[in-house]
Amino acid sequence: MRSRTRGSRLAALLTVLLAAVAWLGLSPSPAAATGPSTPDAVLSYLQEISGSHAVSGVHNKEPLADPSRYTAQAHDVTGKWPGLWGGELGFRADDIAQRQALVNQAKTEWANGSLVSLTWHMCRPDVATCEFEGGINGSRLSDSEWQQLTTDNSALNKAFKAKLDTAVPYLTQLKDAGVPVLFRPLHEMNEGWAWWGGRPGANGSARLFRITHDYLESKGLDNLLWVWNVKDTAANGGSGGVGNFYPGDDAVDVASLDPWVKGYPTGDWYQAMLNTAHGKPVALAEVGTVPTPAQLAAQPRWAWFMIWSEYLTTANSASGLQSTFNNSRVLNQGEVHIPSGGTNP
């Protein structure tokens with residue numbers, strides 16, 4: 001244990017050093033804030049760390065008025081700010097009204113040195129706002145409605161694109177600020193709990209992902225990194241069936257998995273994700289229990305993990321979180337270094 005005398009002397013020395021740093025006009029921060037950058041720079045960084053490091057992450061679900069609630073909880077427990085901040089574009093009317101707060105927080109997190117990830121639990125295209133139960137979960141479209149949705153210029157297709165339009169001004173603000181976004185729409189698409197999921201094949205869920213990709217790119221949103229996502233479900237062929245939901249290499253930047261069934265990916269799921277990604281980065285986009293250092297070492301290609309909001313405290317011990325966040329393999333805020341400048345692809 002450090003003696004109080006030695007601690008006092010070190011504290012005094014630190015005070016002197018900080019004063020000297022301030023006098024010189026330098027920042028005492030361990031890493032400079034992240035300036036404007038590009039998706040290419042983020043993608044290159046993720047490729048660089050894959051196999052040796054994983055970025056820590058925490059998702060911040062609704063309410064959007066408090067867009068860093070769970071990130072702050074992670075800091076309270078571990079003493080570290082996560083290296084990835086996750087946000088939600090919202091589906092309820094009160095949360096959609098707070099999207100500006102979400103964007104402002106995303107800018108702050110990026111400036112502080114964290115990656116930015118956005119998930120979107122979209123309501124059905126034929127309603128403006130909804131609740132999760134009955135609006136997202138349990139609101140499956142009929143086969144004829146799905147056919148209309150994926151047919152260009154049909155009523156449902158137009159309604160879907162109009163819903164995408166509601167997010168464009170906010171995503172554009174992030175583009176203008178030079179903030180690349182790890183964008184994860186239509187997630188867990190190989191399972192049918194959400195209206196967009198559980199439809200294998202070229203005209204199924206993968207088709208809607210491509211429509212989303214192509215439409216937002218047509219709006220000039222070249223700051224998005226497209227994160228394709230599946231769940232470790234036994235449905236639709238399990239790990240052997242994920243390719244039936246893959247929209248194609250030209251529409252995907254990162255392939256990600258949500259291991260809710262097993263808690264951490266089994267070997268077959270890890271290999272399936274690597275096979276499907278075709279050399280692109282892979283990530284654990286949602287986890288409940290934080291991966292242990294041993295698990296991350298055994299499956300070293302995961303570029304990041306993102307703990308899902310309330311599971312941070314309900315499914316994890318403080319010691320477990322501290323062990324992972326303080327492991328040398330794990331990169332927290334201030335340890336994520338993305339080159340700035342350049343132009344978007």
# chains A, B, ... in the order shown; residues from 1 in each chain; ligands from 1

$ select_by_dssp --residues "segment 57-151 of chain A" --states "strand (DSSP E)" --output "MDAnalysis selection string"
chainID A and resid 57:59 84:88 115:120

$ closest_atom_pairs --of "segment 76-189 of chain A" --to "segment 49-66 of chain A" --cutoff "12 Å" --atoms "only C-alpha atoms" --output "JSON lines"
{"residue": "A:Thr78", "atom": "CA", "partner": "A:Ser56", "partner_atom": "CA", "distance": 11.4}
{"residue": "A:Lys80", "atom": "CA", "partner": "A:Ser56", "partner_atom": "CA", "distance": 9.6}
{"residue": "A:Trp81", "atom": "CA", "partner": "A:Ser56", "partner_atom": "CA", "distance": 8.7}
{"residue": "A:Pro82", "atom": "CA", "partner": "A:Gly57", "partner_atom": "CA", "distance": 5.1}
{"residue": "A:Gly83", "atom": "CA", "partner": "A:Ser56", "partner_atom": "CA", "distance": 5.1}
{"residue": "A:Leu84", "atom": "CA", "partner": "A:Gly57", "partner_atom": "CA", "distance": 4.3}
{"residue": "A:Trp85", "atom": "CA", "partner": "A:Val58", "partner_atom": "CA", "distance": 5.8}
{"residue": "A:Gly86", "atom": "CA", "partner": "A:His59", "partner_atom": "CA", "distance": 4.1}
{"residue": "A:Gly87", "atom": "CA", "partner": "A:Asn60", "partner_atom": "CA", "distance": 5.1}
{"residue": "A:Glu88", "atom": "CA", "partner": "A:Lys61", "partner_atom": "CA", "distance": 5.7}
{"residue": "A:Leu89", "atom": "CA", "partner": "A:Leu64", "partner_atom": "CA", "distance": 8.0}
{"residue": "A:Gly90", "atom": "CA", "partner": "A:Glu62", "partner_atom": "CA", "distance": 7.1}
{"residue": "A:Phe91", "atom": "CA", "partner": "A:Glu62", "partner_atom": "CA", "distance": 9.2}
{"residue": "A:Arg92", "atom": "CA", "partner": "A:Glu62", "partner_atom": "CA", "distance": 9.1}
{"residue": "A:Ala93", "atom": "CA", "partner": "A:Leu64", "partner_atom": "CA", "distance": 10.7}
{"residue": "A:Asp94", "atom": "CA", "partner": "A:Pro63", "partner_atom": "CA", "distance": 8.3}
{"residue": "A:Asp95", "atom": "CA", "partner": "A:Leu64", "partner_atom": "CA", "distance": 5.3}
{"residue": "A:Ile96", "atom": "CA", "partner": "A:Leu64", "partner_atom": "CA", "distance": 7.7}
{"residue": "A:Ala97", "atom": "CA", "partner": "A:Leu64", "partner_atom": "CA", "distance": 8.5}
{"residue": "A:Gln98", "atom": "CA", "partner": "A:Leu64", "partner_atom": "CA", "distance": 5.6}
{"residue": "A:Arg99", "atom": "CA", "partner": "A:Leu64", "partner_atom": "CA", "distance": 6.7}
{"residue": "A:Gln100", "atom": "CA", "partner": "A:Leu64", "partner_atom": "CA", "distance": 8.9}
{"residue": "A:Ala101", "atom": "CA", "partner": "A:Ala65", "partner_atom": "CA", "distance": 6.2}
{"residue": "A:Leu102", "atom": "CA", "partner": "A:Leu64", "partner_atom": "CA", "distance": 6.0}
{"residue": "A:Val103", "atom": "CA", "partner": "A:Leu64", "partner_atom": "CA", "distance": 9.8}
{"residue": "A:Asn104", "atom": "CA", "partner": "A:Ala65", "partner_atom": "CA", "distance": 10.8}
{"residue": "A:Gln105", "atom": "CA", "partner": "A:Asp66", "partner_atom": "CA", "distance": 9.2}
{"residue": "A:Ala106", "atom": "CA", "partner": "A:Asn60", "partner_atom": "CA", "distance": 11.0}
{"residue": "A:Glu109", "atom": "CA", "partner": "A:Gly57", "partner_atom": "CA", "distance": 11.7}
{"residue": "A:Gly113", "atom": "CA", "partner": "A:Val55", "partner_atom": "CA", "distance": 11.6}
{"residue": "A:Ser114", "atom": "CA", "partner": "A:Gly57", "partner_atom": "CA", "distance": 8.9}
{"residue": "A:Leu115", "atom": "CA", "partner": "A:Gly57", "partner_atom": "CA", "distance": 8.6}
{"residue": "A:Val116", "atom": "CA", "partner": "A:Gly57", "partner_atom": "CA", "distance": 9.5}
{"residue": "A:Ser117", "atom": "CA", "partner": "A:His59", "partner_atom": "CA", "distance": 8.4}
{"residue": "A:Leu118", "atom": "CA", "partner": "A:His59", "partner_atom": "CA", "distance": 8.8}
{"residue": "A:Thr119", "atom": "CA", "partner": "A:His59", "partner_atom": "CA", "distance": 9.0}
{"residue": "A:Trp120", "atom": "CA", "partner": "A:Lys61", "partner_atom": "CA", "distance": 10.1}
{"residue": "A:His121", "atom": "CA", "partner": "A:Lys61", "partner_atom": "CA", "distance": 10.2}
{"residue": "A:Glu131", "atom": "CA", "partner": "A:Glu62", "partner_atom": "CA", "distance": 11.7}
{"residue": "A:Phe132", "atom": "CA", "partner": "A:Glu62", "partner_atom": "CA", "distance": 11.1}

$ closest_residue --among "A:Tyr246, A:Trp260, A:Tyr215, A:Tyr270" --to "Trp308 of chain A" --atoms "only C-alpha atoms"
A:Trp260

$ residues_around --residues "Asp249 of chain A" --least-positions-apart "2" --cutoff "9 Å" --atoms "only C-alpha atoms" --output "mmCIF file with N, CA, C and O atoms, in the first residue's frame"
data_model
loop_
_atom_site.group_PDB
_atom_site.id
_atom_site.type_symbol
_atom_site.label_atom_id
_atom_site.label_comp_id
_atom_site.auth_asym_id
_atom_site.auth_seq_id
_atom_site.Cartn_x
_atom_site.Cartn_y
_atom_site.Cartn_z
ATOM 1 N N TYR A 246 -26.652 -11.504 -45.720
ATOM 2 C CA TYR A 246 -25.557 -10.578 -46.017
ATOM 3 C C TYR A 246 -25.863 -9.800 -47.290
ATOM 4 O O TYR A 246 -26.104 -10.390 -48.348
ATOM 5 N N PRO A 247 -25.848 -8.467 -47.231
ATOM 6 C CA PRO A 247 -26.241 -7.661 -48.397
ATOM 7 C C PRO A 247 -25.142 -7.477 -49.434
ATOM 8 O O PRO A 247 -25.392 -6.902 -50.499
ATOM 9 N N ALA A 251 -21.824 -3.024 -49.501
ATOM 10 C CA ALA A 251 -22.763 -2.332 -48.607
ATOM 11 C C ALA A 251 -22.400 -2.494 -47.146
ATOM 12 O O ALA A 251 -23.126 -2.018 -46.275
ATOM 13 N N VAL A 252 -21.281 -3.149 -46.856
ATOM 14 C CA VAL A 252 -20.900 -3.444 -45.475
ATOM 15 C C VAL A 252 -19.452 -3.019 -45.234
ATOM 16 O O VAL A 252 -18.573 -3.293 -46.051
ATOM 17 N N ASP A 253 -19.224 -2.348 -44.114
ATOM 18 C CA ASP A 253 -17.863 -1.999 -43.691
ATOM 19 C C ASP A 253 -17.400 -2.859 -42.524
ATOM 20 O O ASP A 253 -16.217 -3.177 -42.412
ATOM 21 N N ALA A 277 -17.382 -11.893 -43.204
ATOM 22 C CA ALA A 277 -16.821 -10.538 -43.297
ATOM 23 C C ALA A 277 -15.834 -10.378 -44.444
ATOM 24 O O ALA A 277 -15.551 -9.241 -44.858
ATOM 25 N N HIS A 278 -15.291 -11.472 -44.954
ATOM 26 C CA HIS A 278 -14.345 -11.405 -46.085
ATOM 27 C C HIS A 278 -13.197 -10.435 -45.827
ATOM 28 O O HIS A 278 -12.849 -9.617 -46.682
ATOM 29 N N LYS A 280 -13.087 -7.976 -43.649
ATOM 30 C CA LYS A 280 -13.481 -6.726 -43.009
ATOM 31 C C LYS A 280 -13.430 -6.892 -41.486
ATOM 32 O O LYS A 280 -13.446 -8.013 -40.976
#

$ residues_around --residues "Val168 of chain A" --least-positions-apart "4" --cutoff "10 Å" --atoms "only C-alpha atoms" --output "PyMOL selection string"
chain A and resi 162-164+172-174+216+219-221

$ closest_residue --among "A:Glu335, A:Arg199, A:Thr313, A:Ala155" --to "Asp143 of chain A" --atoms "only C-alpha atoms"
A:Arg199

$ select_by_dssp --residues "segment 5-223 of chain A" --states "helix (DSSP H, G or I)" --output "number ranges by chain"
A: 5-24, 39-49, 69-78, 93-96, 99-112, 143-149, 155-176, 205-218

$ residues_around --residues "segment 228-238 of chain A" --least-positions-apart "6" --cutoff "7 Å" --atoms "only C-alpha atoms" --output "VMD selection string"
chain A and resid 184 187 to 191 252 254 to 261 269

$ atom_distance --atom1 "atom CA of Glu217 of chain A" --atom2 "atom CA of Arg301 of chain A"
28.1 Å

$ closest_residue --among "A:Met122, A:Leu46, A:Val290, A:Ala159" --to "Ile338 of chain A" --atoms "only C-alpha atoms"
A:Leu46

$ closest_residue --among "A:Gln47, A:Arg207, A:Glu133, A:Tyr70" --to "Ile307 of chain A" --atoms "only C-alpha atoms"
A:Tyr70

$ atom_distance --atom1 "atom CA of Pro200 of chain A" --atom2 "atom CA of Gln271 of chain A"
19.9 Å

$ residues_around --residues "Asn137 of chain A" --least-positions-apart "5" --cutoff "8 Å" --atoms "only C-alpha atoms" --output "list of chain:residue names"
A:Phe132, A:Trp193, A:Ala194, A:Trp195

$ write_last_selection --atoms "C-alpha atoms" --output "compact mmCIF listing (two decimals), in the first residue's frame"
# COMPACT_ATOMS: atom_id res chain seq x y z
CA PHE A 132 -41.08 -0.84 -28.63
CA TRP A 193 -38.44 -10.27 -33.36
CA ALA A 194 -38.36 -6.93 -35.24
CA TRP A 195 -40.50 -6.18 -38.27

$ atom_distance --atom1 "atom CA of Pro125 of chain A" --atom2 "atom CA of Gly192 of chain A"
16.6 Å

$ closest_residue --among "A:Ser309, A:Leu208, A:Ala74, A:Ala111" --to "Thr324 of chain A" --atoms "only C-alpha atoms"
A:Ala74
